[in-house]
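Colleague: Below is the file final26.cif, with mmCIF, C-alpha atoms.
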data_entry
#
loop_
_atom_site.group_PDB
_atom_site.id
_atom_site.type_symbol
_atom_site.label_atom_id
_atom_site.label_comp_id
_atom_site.auth_asym_id
_atom_site.auth_seq_id
_atom_site.Cartn_x
_atom_site.Cartn_y
_atom_site.Cartn_z
ATOM 1 C CA MET A 1 -90.364 -55.999 -40.198
ATOM 2 C CA SER A 2 -89.949 -52.590 -38.612
ATOM 3 C CA ALA A 3 -92.157 -49.703 -39.614
ATOM 4 C CA LEU A 4 -90.860 -47.590 -42.449
ATOM 5 C CA THR A 5 -89.928 -44.017 -41.682
ATOM 6 C CA ALA A 6 -89.160 -41.060 -43.873
ATOM 7 C CA ALA A 7 -85.659 -41.038 -42.346
ATOM 8 C CA LYS A 8 -85.052 -44.518 -43.781
ATOM 9 C CA VAL A 9 -86.756 -44.094 -47.147
ATOM 10 C CA ILE A 10 -86.049 -40.532 -48.333
ATOM 11 C CA PRO A 11 -82.223 -40.761 -48.372
ATOM 12 C CA LYS A 12 -82.443 -44.001 -50.391
ATOM 13 C CA VAL A 13 -84.838 -42.409 -52.884
ATOM 14 C CA ARG A 14 -82.711 -39.267 -53.107
ATOM 15 C CA HIS A 15 -79.533 -41.283 -53.747
ATOM 16 C CA ARG A 16 -81.383 -43.399 -56.333
ATOM 17 C CA MET A 17 -82.356 -40.192 -58.101
ATOM 18 C CA GLY A 18 -78.777 -38.921 -57.823
ATOM 19 C CA ILE A 19 -79.644 -35.528 -56.387
ATOM 20 C CA SER A 20 -78.590 -33.511 -53.363
ATOM 21 C CA GLN A 21 -80.783 -32.491 -50.453
ATOM 22 C CA GLU A 22 -80.983 -29.033 -51.982
ATOM 23 C CA GLY A 23 -82.010 -30.470 -55.353
ATOM 24 C CA LEU A 24 -84.724 -32.541 -53.710
ATOM 25 C CA SER A 25 -85.923 -29.528 -51.746
ATOM 26 C CA ARG A 26 -86.314 -27.567 -54.975
ATOM 27 C CA LEU A 27 -88.213 -30.384 -56.656
ATOM 28 C CA LEU A 28 -90.607 -30.693 -53.708
ATOM 29 C CA ASN A 29 -90.902 -26.958 -53.015
ATOM 30 C CA ALA A 30 -89.454 -27.375 -49.536
ATOM 31 C CA THR A 31 -86.417 -25.960 -47.774
ATOM 32 C CA LYS A 32 -83.105 -27.771 -47.630
ATOM 33 C CA GLY A 33 -83.495 -27.765 -43.845
ATOM 34 C CA ALA A 34 -86.844 -29.540 -44.150
ATOM 35 C CA VAL A 35 -85.244 -32.304 -46.223
ATOM 36 C CA GLN A 36 -82.448 -32.578 -43.659
ATOM 37 C CA HIS A 37 -85.016 -32.913 -40.874
ATOM 38 C CA TRP A 38 -86.907 -35.606 -42.791
ATOM 39 C CA GLU A 39 -83.717 -37.564 -43.322
ATOM 40 C CA ARG A 40 -82.693 -37.226 -39.674
ATOM 41 C CA GLY A 41 -86.140 -38.271 -38.454
ATOM 42 C CA ARG A 42 -86.903 -34.986 -36.698
ATOM 43 C CA ASN A 43 -90.157 -34.599 -38.598
ATOM 44 C CA ASN A 44 -91.951 -36.069 -41.599
ATOM 45 C CA PRO A 45 -92.966 -34.772 -45.011
ATOM 46 C CA ASP A 46 -96.665 -34.333 -45.643
ATOM 47 C CA LEU A 47 -98.568 -36.748 -47.834
ATOM 48 C CA GLY A 48 -98.567 -34.338 -50.788
ATOM 49 C CA ARG A 49 -94.783 -34.194 -50.844
ATOM 50 C CA LEU A 50 -94.502 -37.960 -50.505
ATOM 51 C CA LEU A 51 -96.826 -38.353 -53.493
ATOM 52 C CA ALA A 52 -94.803 -35.810 -55.476
ATOM 53 C CA LEU A 53 -91.596 -37.673 -54.610
ATOM 54 C CA ARG A 54 -93.187 -40.901 -55.807
ATOM 55 C CA GLN A 55 -93.911 -39.283 -59.178
ATOM 56 C CA LEU A 56 -90.228 -38.351 -59.487
ATOM 57 C CA CYS A 57 -88.727 -41.625 -58.251
ATOM 58 C CA PRO A 58 -87.763 -44.153 -60.927
ATOM 59 C CA PRO A 59 -89.114 -47.698 -60.541
ATOM 60 C CA GLY A 60 -87.106 -49.948 -58.245
ATOM 61 C CA PRO A 61 -86.859 -51.114 -54.638
ATOM 62 C CA GLU A 62 -86.633 -47.546 -53.349
ATOM 63 C CA ARG A 63 -89.925 -46.694 -55.016
ATOM 64 C CA LYS A 64 -91.538 -49.780 -53.473
ATOM 65 C CA GLU A 65 -90.388 -48.629 -50.042
ATOM 66 C CA LEU A 66 -91.753 -45.161 -50.793
ATOM 67 C CA ASP A 67 -95.088 -46.717 -51.823
ATOM 68 C CA ALA A 68 -95.178 -48.626 -48.530
ATOM 69 C CA LEU A 69 -94.413 -45.413 -46.609
ATOM 70 C CA ILE A 70 -97.245 -43.629 -48.433
ATOM 71 C CA ARG A 71 -99.670 -46.469 -47.652
ATOM 72 C CA GLN A 72 -98.580 -46.355 -44.020
ATOM 73 C CA ASN A 73 -99.053 -42.578 -43.949
ATOM 74 C CA ARG A 74 -102.500 -42.818 -45.556
ATOM 75 C CA ALA A 75 -103.596 -45.520 -43.122
ATOM 76 C CA GLU A 76 -102.553 -43.281 -40.252
ATOM 77 C CA TYR A 77 -104.759 -40.399 -41.398
ATOM 78 C CA ALA A 78 -107.571 -42.052 -43.338
ATOM 79 C CA PRO A 79 -111.030 -41.992 -41.774
ATOM 80 C CA VAL A 80 -112.230 -45.338 -40.491
ATOM 81 C CA GLU A 81 -115.729 -46.776 -40.302
ATOM 82 C CA ILE A 82 -117.422 -46.492 -36.953
ATOM 83 C CA GLY A 83 -116.474 -49.465 -34.820
ATOM 84 C CA LYS A 84 -114.133 -51.032 -37.406
ATOM 85 C CA GLY A 85 -110.431 -50.984 -36.748
ATOM 86 C CA LEU A 86 -110.776 -48.787 -33.680
ATOM 87 C CA PRO A 87 -109.448 -49.586 -30.247
ATOM 88 C CA PRO A 88 -112.237 -50.512 -27.783
ATOM 89 C CA GLU A 89 -111.677 -47.352 -25.729
ATOM 90 C CA LEU A 90 -112.719 -45.240 -28.722
ATOM 91 C CA ILE A 91 -115.975 -47.124 -29.312
ATOM 92 C CA ALA A 92 -117.688 -46.198 -26.027
ATOM 93 C CA GLY A 93 -121.326 -46.298 -27.101
ATOM 94 C CA ARG A 94 -120.222 -45.651 -30.720
ATOM 95 C CA ARG A 95 -119.668 -42.044 -29.727
ATOM 96 C CA GLY A 96 -115.930 -42.504 -29.650
ATOM 97 C CA GLY A 97 -115.950 -44.049 -33.114
ATOM 98 C CA ARG A 98 -117.640 -41.014 -34.604
ATOM 99 C CA GLN A 99 -115.226 -38.808 -32.721
ATOM 100 C CA ALA A 100 -112.251 -40.702 -34.135
ATOM 101 C CA THR A 101 -113.648 -40.391 -37.662
ATOM 102 C CA ALA A 102 -114.298 -36.696 -37.108
ATOM 103 C CA THR A 103 -110.721 -36.265 -35.900
ATOM 104 C CA ALA A 104 -109.324 -38.032 -38.962
ATOM 105 C CA ASP A 105 -111.604 -35.960 -41.205
ATOM 106 C CA SER A 106 -110.411 -32.827 -39.440
ATOM 107 C CA VAL A 107 -106.778 -33.756 -40.057
ATOM 108 C CA LEU A 108 -107.508 -34.371 -43.738
ATOM 109 C CA ARG A 109 -109.405 -31.079 -44.048
ATOM 110 C CA LYS A 110 -106.478 -29.215 -42.493
ATOM 111 C CA GLU A 111 -104.044 -30.967 -44.820
ATOM 112 C CA ASN A 112 -106.222 -30.143 -47.845
ATOM 113 C CA GLU A 113 -106.434 -26.494 -46.789
ATOM 114 C CA ARG A 114 -102.667 -26.350 -46.307
ATOM 115 C CA LEU A 115 -102.156 -27.859 -49.753
ATOM 116 C CA ARG A 116 -104.647 -25.395 -51.294
ATOM 117 C CA GLN A 117 -102.677 -22.534 -49.768
ATOM 118 C CA GLN A 118 -99.454 -24.000 -51.098
ATOM 119 C CA VAL A 119 -100.961 -24.298 -54.597
ATOM 120 C CA ALA A 120 -102.160 -20.679 -54.392
ATOM 121 C CA LYS A 121 -98.637 -19.554 -53.452
ATOM 122 C CA LEU A 122 -97.169 -21.519 -56.339
ATOM 123 C CA GLU A 123 -99.686 -20.011 -58.755
ATOM 124 C CA GLU A 124 -98.792 -16.497 -57.537
ATOM 125 C CA THR A 125 -95.088 -17.247 -57.992
ATOM 126 C CA LEU A 126 -95.763 -18.586 -61.472
ATOM 127 C CA GLU A 127 -97.741 -15.457 -62.404
ATOM 128 C CA ARG A 128 -94.906 -13.208 -61.153
ATOM 129 C CA ARG A 129 -92.353 -15.212 -63.129
ATOM 130 C CA GLU A 130 -94.495 -15.101 -66.256
ATOM 131 C CA GLU A 131 -94.770 -11.320 -65.879
ATOM 132 C CA THR A 132 -91.007 -11.053 -65.428
ATOM 133 C CA LEU A 133 -90.474 -13.235 -68.495
ATOM 134 C CA ARG A 134 -92.853 -11.063 -70.534
ATOM 135 C CA ILE A 135 -90.942 -7.932 -69.478
ATOM 136 C CA LEU A 136 -87.604 -9.537 -70.360
ATOM 137 C CA GLU A 137 -88.942 -10.629 -73.758
ATOM 138 C CA ASP A 138 -90.131 -7.068 -74.426
ATOM 139 C CA LEU A 139 -86.711 -5.704 -73.438
ATOM 140 C CA ALA A 140 -84.943 -8.238 -75.652
ATOM 141 C CA SER A 141 -87.201 -7.297 -78.559
ATOM 142 C CA GLU A 142 -86.468 -3.585 -78.057
ATOM 143 C CA LEU A 143 -82.743 -4.306 -77.822
ATOM 144 C CA LYS A 144 -82.838 -6.267 -81.098
ATOM 145 C CA LYS A 145 -84.630 -3.350 -82.796
ATOM 146 C CA ASP A 146 -82.053 -0.888 -81.439
ATOM 147 C CA MET A 147 -79.179 -3.093 -82.596
ATOM 148 C CA ALA A 148 -80.754 -3.487 -86.032
ATOM 149 C CA ALA A 149 -81.279 0.302 -86.273
ATOM 150 C CA LYS A 150 -77.637 0.946 -85.300
ATOM 151 C CA ALA A 151 -76.394 -1.620 -87.811
ATOM 152 C CA HIS A 152 -78.604 -0.034 -90.500
ATOM 153 C CA SER A 153 -77.382 3.473 -89.693
ATOM 154 C CA LYS A 154 -73.713 2.387 -89.965
ATOM 155 C CA GLN A 155 -74.318 1.206 -93.511
#
Any chance you could give the structure as structure tokens?
Modeller:
Amino acid sequence: MSALTAAKVIPKVRHRMGISQEGLSRLLNATKGAVQHWERGRNNPDLGRLLALRQLCPPGPERKELDALIRQNRAEYAPVEIGKGLPPELIAGRRGGRQATATADSVLRKENERLRQQVAKLEETLERREETLRILEDLASELKKDMAAKAHSKQ
């Protein structure tokens, strides 16, 4: 069986969900171009977006493929024990094994930091939208009062 790729799995999941590339991009807080690149195999979504897509995908064969892609992605970046599962060239005096683990840890730290920044951006956007909503509610309330006053004055 060939290795799963985002280019194979994401279009199937998207079609299963019945949404466009733009709709998927909005759900995953990505650009439409990013979704196009994932589907064409130019680059891959990060683990956070794959996990978010899994939450949205209804049960079925597409979701199973997505689960397999996530497992494959996790295995690629997960730290490994020193000397276990490493190619012999990385175990030179156990130094290489530690280095490989440190590299995997570094990748995970970078991914976590990137996700933290993304969450911070989303929280800022949410705060701005809540402020806008509060202003609109205040304006609507004032407009209702004005309309009620005009209706009362006509009587």
Colleague: Step by step: start from the point (-89.3, -47.9, -40.6) in the file's coordinates, keep every protein, DNA or RNA residue that has an atom no farther than 12 Å from it, count only C-alpha atoms, and write the set as a PyMOL selection string.
Modeller: chain A and resi 1-10+41+65-66+68-70+72-73
Colleague: Could you list, as a PyMOL selection string, every residue matched by the PyMOL selection byres ((chain A and resi 55) around 12) in this structure?
Modeller: chain A and resi 13+17+27-28+48-54+56-59+63+66-67
Colleague: Expressed in Å to a single decimal, how great is the separation between CA of Ser25 (chain A) and CA of Leu126 (chain A)?
Modeller: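 We find that CA of Ser25 (chain A) and CA of Leu126 (chain A) lie 17.6 Å from each other.
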Colleague: CA of His37 (chain A) and CA of Glu62 (chain A) are how many Å apart?
Modeller: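 Interatomic distance here is 19.3 Å.
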Colleague: Between CA of Leu115 (chain A) and CA of Arg40 (chain A), what is the spacing in Å?
Modeller: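 Interatomic distance, CA of Arg40 (chain A) to CA of Leu115 (chain A): 23.8 Å.
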Colleague: Could you spell out the hits of the PyMOL selection byres ((chain A and resi 33) around 12) on the shown file, as a ChimeraX atom specification?
Modeller: /A:21-26,29-32,34-40,42-43,45
Colleague: My list of candidates is A:Ala120, A:His152, A:Ala75, A:Arg14. Which is closest to Leu108 (chain A) when distances are computed with all atoms listed in the file?
Modeller: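 For Leu108 (chain A), the nearest of the candidates is A:Ala75.
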Colleague: Using all atoms listed in the file, can you tell me which of A:Val119, A:Asp105, A:Pro61, A:His15 comes closest to Glu76 (chain A)?
Modeller: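 Among the listed residues, the smallest separation from Glu76 (chain A) belongs to A:Asp105.
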Colleague: So that all listed atoms of region 24-34 of chain A fit with 6 Å spare on each side, what axis-aligned box centre and edge lengths in Å, to one decimal, would you give as lines of an AutoDock Vina configuration file?
Modeller:
center_x = -87.0
center_y = -29.3
center_z = -50.3
size_x = 19.8
size_y = 18.6
size_z = 24.8
